[in-house]
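Notes follow once the structure below has been shown.
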Amino acid sequence: MINFNQPHLTGKEAHYMYEAVFAGKLSGNGKFTKRCQAWFEERYGFRKTLLTTSGTDALEMCAMLCELKPGDEVIIPSYTFVSTALAFLREGAKVVFADSMKRNPNLDAETLEALVTPRTKVIVPVHYAGVACDMDAIMVVAEKHHLLVVEDAAQAIDSYYTSNITHQTSPLGGIGHLAAFSFHETKNVTAGGEGGLLVVNDERFVRRAEIIWEKGTNRAEFFRGEVNKYGWVDMGSSFLPSEVNAAFLWAQLENIEDIQAKRKTLWETYYKRLAPLAAKGAFTLPDIPEYATNNAHMFYIVLPSLEARTALIKYLKESGVGAVFHYLSLHSSEYYKDKHDGRALPQCDRYADCLVRLPLFYDLTIEEVNHICDLINTYFQ
Ligand SMILES: *Cc1c(COP(=O)(O)O)cnc(C)c1O
């Protein structure tokens, strides 16, 4: 059986975790936490980063930092993970769901402005499969209406966007005011199963982000010697991961080049091998717009119908391959369907019905990818 996903070990994880344990400081914000945060700040130029216990937590911190009032509206794609919406809903916001693009599952920036009302406060683009949203168009709408932009970059480590306006290339997570990454075991790098990162790009949020992270206290400033005592100064929660998780993550970050190179080779093998069937109209291949890079987070194909997808997943399962569908439309979920304003979101529904993800993880071999492609080719003949 070829599983859909399998977490990868670089070899140094246990070594660094052992080091963290015997350093005698296990709680958060220690040596490995600081090392990981500095790595992100140096490599990608993020203004300030804070490790969190999950991507969901990082999104919750983003939502808290937006200081939403009841009735404030947040625009979120319906084709995303529950946490993207839930983080803002928990803060009392009204979630307004946007449709996906026809070319790929990312938020459709062309229909975005029509969703903006006087109550709109935040737009949350999700970089699906690690492929950039149309950020020029999204930032134009945000600036025109004075909105905050929170990037859900959970899948988007080491991926970039090139602006057609400034011709500048920026790392995903470095464009909006705030961003969230995930180090869940299904992502390109993991912090030992669960983990995340808050990115603060706008200086205005730096101080409050640290306070929220440290349970509403100014403990971080105290340990830097900036204040002579620390206490309760604001809202907050416990968002810090333990040093053991940060140590695990460090072993993965150290190997990012190797991890990304291997994943891209597998991804490109799928793409090349499946292109002839796509040309015949059996399905469509992943779309990487001219402004985006590919971080090989995911390899997906989009079938013409729900029936065609269900049949392919069944065939692959019977052939020993774990292929899976992905999100169900949040706007028609059991929890939100009565709160949704009733607009149809046809592209979102199409991806919910027709998208299939194929196995893609570091320890998958080229031979296995070729075998999966052979099976798919046989199936469509
Ligand atoms: C994985 C993921 C999350 C949640 O991250 P966790 O670390 O699992 O909490 C949020 N949004 C998207 C788009 C994701 O893929």
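Each chain in the structure tokens gets a letter, A, B and so on, in the order shown; residues start at 1 in every chain, and ligands are counted from 1 in the order they appear.
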
**Request:** Using only C-alpha atoms and all ligand atoms, find each residue with an atom at most 10 Å away from ligand 1 and format the answer as an MDAnalysis selection string.
**Result:** chainID A and resid 52:60 79:87 125:130 151:156 180:187 190:191 193:197 297 327

**Request:** Based on DSSP run over this structure's backbone, return all residues of stretch 132-353 of chain A in alpha helix (DSSP H), as an NGL selection string.
**Result:** :A and (135-144 or 206-213 or 219-223 or 243-253 or 256-279 or 306-318 or 346-353)

**Message:** Need to verify the contact set: A:Ile123, 10 Å, only C-alpha atoms, exclusion of same-chain residues closer than 5 positions in sequence. Can you return it as a PyMOL selection string?
**Reply:** chain A and resi 73-77+96+98+112+116+138-139+141-142+147-151+176

**Request:** Would you kindly return, as a list in words, each protein, DNA or RNA residue with an atom no farther than 7 Å from any atom of A:Tyr270, considering only C-alpha atoms and excluding same-chain residues fewer than 4 positions away?
**Result:**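 Non-adjacent residues within range: Leu266, Leu274, Val369 and Cys373 of chain A.
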
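Shortest separation to A:Gln168 among A:Ala292, A:Leu375, A:Thr284, A:Thr117 occurs at residue A:Ala292, atoms counted being only C-alpha atoms.
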
**Prompt:** Between A:Phe205, A:Phe4, A:Trp213, A:Phe222, which has the minimum distance to A:Lys317 (counting only C-alpha atoms)?
**Reply:**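 Of A:Phe205, A:Phe4, A:Trp213, A:Phe222, the one nearest A:Lys317 is A:Phe4, counting only C-alpha atoms.
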
**Prompt:** So how many Å separate atom CA of A:His340 and atom CA of A:Tyr300, to one decimal?
**Reply:**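 Between these atoms lies a distance of 28.0 Å.
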